[in-house]
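Listing of work37.txt, compact mmCIF, C-alpha atoms
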```txt
# COMPACT_ATOMS: atom_id res chain seq x y z
CA PHE D 1 18.15 -6.74 -10.86
CA ALA D 2 17.77 -3.25 -9.41
CA LEU D 3 19.01 -1.84 -6.14
CA LYS D 4 16.17 0.67 -5.90
CA GLU D 5 12.64 -0.61 -5.80
CA ALA D 6 10.60 0.09 -8.91
CA VAL D 7 7.07 -1.00 -9.75
CA LYS D 8 5.49 -0.77 -13.18
CA VAL D 9 1.71 -0.53 -13.57
CA PHE D 10 0.21 -1.79 -16.83
CA ASP D 11 -3.35 -1.51 -18.15
CA ASN D 12 -3.87 -5.30 -18.28
CA SER D 13 -2.13 -8.62 -17.75
CA THR D 14 -0.39 -8.64 -21.16
CA ASP D 15 2.13 -6.03 -19.89
CA LYS D 16 2.13 -4.14 -23.19
CA ASN D 17 0.77 -0.71 -22.26
CA LEU D 18 2.73 0.83 -19.37
CA LEU D 19 0.63 3.42 -17.53
CA TYR D 20 2.52 4.39 -14.36
CA THR D 21 5.80 3.80 -12.60
CA ILE D 22 6.47 3.82 -8.87
CA GLN D 23 10.07 4.57 -7.99
CA ALA D 24 11.80 4.59 -4.58
CA ASN D 25 14.07 7.54 -3.85
CA GLN D 26 16.67 5.43 -2.00
CA ILE D 27 17.96 1.90 -1.70
CA ILE D 28 16.86 1.01 1.84
CA ASP D 29 13.08 1.03 1.95
CA PHE D 30 12.42 1.77 5.65
CA GLY D 31 12.55 5.54 5.12
CA ALA D 32 12.01 5.54 1.38
CA THR D 33 9.56 7.77 -0.43
CA TYR D 34 7.82 6.13 -3.37
CA MET D 35 7.08 8.55 -6.21
CA PHE D 36 4.25 7.90 -8.67
CA GLN D 37 4.84 9.02 -12.26
CA ILE D 38 2.97 8.80 -15.54
CA ALA D 39 4.94 6.47 -17.80
CA GLY D 40 6.74 8.06 -20.72
CA THR D 41 6.37 11.62 -19.47
CA ASN D 42 7.83 11.16 -15.97
CA GLN D 43 5.18 13.63 -14.82
CA SER D 44 4.74 13.31 -11.06
CA ILE D 45 1.35 12.37 -9.65
CA GLY D 46 2.35 12.23 -5.98
CA SER D 47 4.15 10.06 -3.47
CA ILE D 48 3.79 7.89 -0.39
CA HIS D 49 6.10 7.74 2.61
CA ARG D 50 6.17 5.37 5.59
CA ASP D 51 5.75 7.13 8.94
CA GLY D 52 9.02 6.09 10.58
CA MET D 53 9.21 4.09 13.81
CA ARG D 54 5.45 4.11 14.30
CA SER D 55 5.13 1.79 11.31
CA LEU D 56 6.92 -0.95 13.21
CA VAL D 57 3.81 -1.49 15.35
CA GLN D 58 1.03 -0.23 13.08
CA ALA D 59 1.49 0.35 9.35
CA SER D 60 1.17 4.08 8.80
CA TYR D 61 1.86 6.10 5.65
CA THR D 62 1.53 9.70 4.49
CA MET D 63 0.34 10.30 0.95
CA SER D 64 1.38 13.56 -0.73
CA ASP D 65 0.33 15.28 -3.94
CA LYS D 66 2.66 16.15 -6.84
CA ASN D 67 3.84 19.27 -4.97
CA GLU D 68 4.76 17.18 -1.87
CA ASN D 69 1.84 18.60 0.15
CA PRO D 70 0.45 15.96 2.55
CA LEU D 71 -3.05 14.90 1.47
CA TYR D 72 -4.02 11.73 3.29
CA LYS D 73 -2.98 9.31 6.02
CA ILE D 74 -3.11 5.57 5.40
CA VAL D 75 -3.28 3.52 8.60
CA GLN D 76 -3.70 -0.17 9.32
CA THR D 77 -6.92 -0.25 11.32
CA ASN D 78 -6.02 -3.22 13.54
CA PRO D 79 -2.30 -3.55 14.38
CA LEU D 80 -2.95 -6.81 16.28
CA VAL D 81 -3.42 -8.61 12.95
CA ALA D 82 0.20 -7.92 11.98
CA MET D 83 1.44 -8.87 15.44
CA PHE D 84 -0.43 -12.21 15.47
CA ASP D 85 0.71 -12.97 11.93
CA SER D 86 4.35 -12.38 12.92
CA LEU D 87 3.98 -14.64 15.96
CA LEU D 88 2.15 -17.43 14.12
CA SER D 89 4.54 -17.41 11.15
CA ILE D 90 7.23 -18.84 13.45
CA ILE D 91 5.29 -22.11 13.71
CA PRO D 92 5.84 -24.34 10.66
CA PHE D 93 2.81 -24.81 8.37
CA VAL D 94 0.60 -22.52 10.48
CA GLU D 95 1.30 -19.66 8.10
CA LEU D 96 -0.62 -21.62 5.43
CA ILE D 97 -3.90 -21.02 7.28
CA THR D 98 -3.27 -17.51 8.59
CA GLY D 99 -4.37 -16.14 5.20
CA PHE D 100 -7.89 -17.27 6.05
CA ILE D 101 -7.90 -15.85 9.58
CA LEU D 102 -5.73 -12.73 9.67
CA ASN D 103 -6.95 -10.14 7.18
CA PRO D 104 -5.63 -6.59 7.61
CA THR D 105 -7.61 -3.50 6.68
CA TYR D 106 -6.09 -0.18 5.65
CA ALA D 107 -8.01 3.10 5.83
CA ILE D 108 -7.27 6.29 3.91
CA SER D 109 -8.45 9.48 5.61
CA THR D 110 -7.66 13.19 5.61
CA LYS D 111 -6.27 12.95 9.12
CA GLU D 112 -5.92 10.27 11.75
CA GLY D 113 -9.22 9.47 13.42
CA ALA D 114 -11.32 10.98 10.61
CA ALA D 115 -13.84 8.94 8.64
CA PRO D 116 -12.04 7.03 5.88
CA ILE D 117 -12.53 8.08 2.27
CA MET D 118 -11.36 4.68 1.04
CA THR D 119 -10.58 1.31 2.64
CA MET D 120 -8.73 -1.77 1.49
CA LYS D 121 -9.27 -5.16 3.12
CA LYS D 122 -7.50 -8.41 2.38
CA LYS D 123 -10.05 -11.10 1.63
CA PRO D 124 -9.61 -14.58 3.14
CA SER D 125 -7.73 -16.68 0.61
CA PHE D 126 -5.18 -19.47 0.47
CA LEU D 127 -2.56 -17.52 -1.47
CA GLU D 128 -3.38 -14.19 0.21
CA SER D 129 -3.82 -12.50 -3.13
CA GLU D 130 -7.30 -10.99 -3.07
CA PHE D 131 -8.11 -7.49 -1.83
CA GLU D 132 -11.29 -5.46 -1.75
CA ILE D 133 -11.20 -1.68 -2.12
CA ALA D 134 -14.23 0.38 -1.14
CA GLN D 135 -14.67 4.09 -1.74
CA ASN D 136 -16.59 5.62 1.15
CA ASN D 137 -16.54 9.25 -0.01
CA THR D 138 -17.52 10.44 -3.47
CA ASP D 139 -16.07 13.95 -2.98
CA VAL D 140 -12.65 12.78 -4.13
CA SER D 141 -11.27 14.10 -7.42
CA GLN D 142 -10.24 11.66 -10.13
CA GLU D 143 -6.57 12.61 -9.62
CA GLN D 144 -6.81 11.96 -5.85
CA GLU D 145 -8.59 8.65 -6.45
CA LEU D 146 -5.78 7.56 -8.79
CA LEU D 147 -3.21 8.57 -6.16
CA CYS D 148 -5.10 6.54 -3.53
CA LEU D 149 -5.24 3.45 -5.76
CA LEU D 150 -1.54 3.64 -6.61
CA SER D 151 -0.75 4.08 -2.91
CA LEU D 152 -2.81 1.03 -1.97
CA LEU D 153 -1.04 -0.96 -4.69
CA MET D 154 2.31 0.00 -3.17
CA ILE D 155 1.12 -0.84 0.35
CA VAL D 156 0.19 -4.34 -0.80
CA GLN D 157 3.79 -4.73 -2.00
CA LEU D 158 5.36 -3.23 1.13
CA GLU D 159 3.14 -4.95 3.71
CA ARG D 160 2.79 -8.39 2.13
CA ASN D 161 4.90 -10.02 4.84
CA ARG D 162 3.00 -8.39 7.71
CA GLY D 163 -0.44 -9.93 8.00
```
Kindly transcribe the structure held in the file into structure tokens.
Amino acid sequence: FALKEAVKVFDNSTDKNLLYTIQANQIIDFGATYMFQIAGTNQSIGSIHRDGMRSLVQASYTMSDKNENPLYKIVQTNPLVAMFDSLLSIIPFVELITGFILNPTYAISTKEGAAPIMTMKKKPSFLESEFEIAQNNTDVSQEQELLCLLSLLMIVQLERNRG
């Protein structure tokens, strides 16, 4: 039991080799910043922060590098998916089929409205557990790609109840 959110990233399903940790900077997650660190060294890789009130309608995050300089924006491409999912989840048993119909997509870009460098889309599935990540731009450094993947992993955790 922990008051602050913490996520551990392992190299495989045996949970033996810890690679990264994701730690929230505060207890309440609405305005929390999630810092990515290399396990064992606590060396910072970067962070992700939800963009305040705007995220209530459309999931929106800012990804920063290890020096807290904003790098990318992560935005849910269709906010209607989250709205319909919230409305339909009120009806009993309907939420069992929404995983096949309502599939959000998140785009990572240098600024809002720019072509995405990476996208993540939830695939239709019964347990809503499958995602597809596509890299649209190859001019991304390995460090930035790692930061993007860790950010998308955290978004799956934060947005799992919204579409």
> Can you tell me, as a list in words, what residues are no more than 7 Å from segment 128-144 of chain D when counting all atoms listed in the file, ignoring any on the same chain fewer than 3 positions away?
Replying inline: Gly99, Pro116, Ile117, Met118, Thr119, Met120, Lys121, Lys122, Lys123, Pro124, Ser125, Leu147 and Cys148 of chain D
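Using all atoms listed in the file, the smallest distance between any of D:Glu159, D:Ala6, D:Ser44, D:Leu71 and Glu145 of chain D comes from D:Leu71.
Candidate residues D:Lys73, D:Ser86, D:Thr110, D:Leu80 were compared for distance to Leu152 of chain D, and the nearest is D:Lys73, using only C-alpha atoms.
Checking D:Met83, D:Leu146, D:Ala107, D:Ile38 one by one against Thr62 of chain D, counting all atoms listed in the file, you find the shortest gap at D:Ala107.
Here atom CA of Gln23 of chain D and atom CA of Asn78 of chain D stand 28.0 Å from one another.
Closest approach to Lys111 of chain D among D:Asn67, D:Ser60, D:Ser89, D:Gln157 is made by D:Ser60 (distances from all atoms listed in the file).
Nearest to Gly113 of chain D of all the residues D:Ile91, D:Val9, D:Ile74, D:Val156 is D:Ile74, counting all atoms listed in the file.
Take atom CA of Met154 of chain D and atom CA of Gln26 of chain D: the distance between them is 15.4 Å.
Note that the spacing between atom CA of Gln76 of chain D and atom CA of Arg50 of chain D amounts to 11.9 Å.
Ranking D:Leu96, D:Ala32, D:Ile45, D:Val75 by their shortest atom-to-atom distance to Leu19 of chain D, with all atoms listed in the file included, puts D:Ile45 first.
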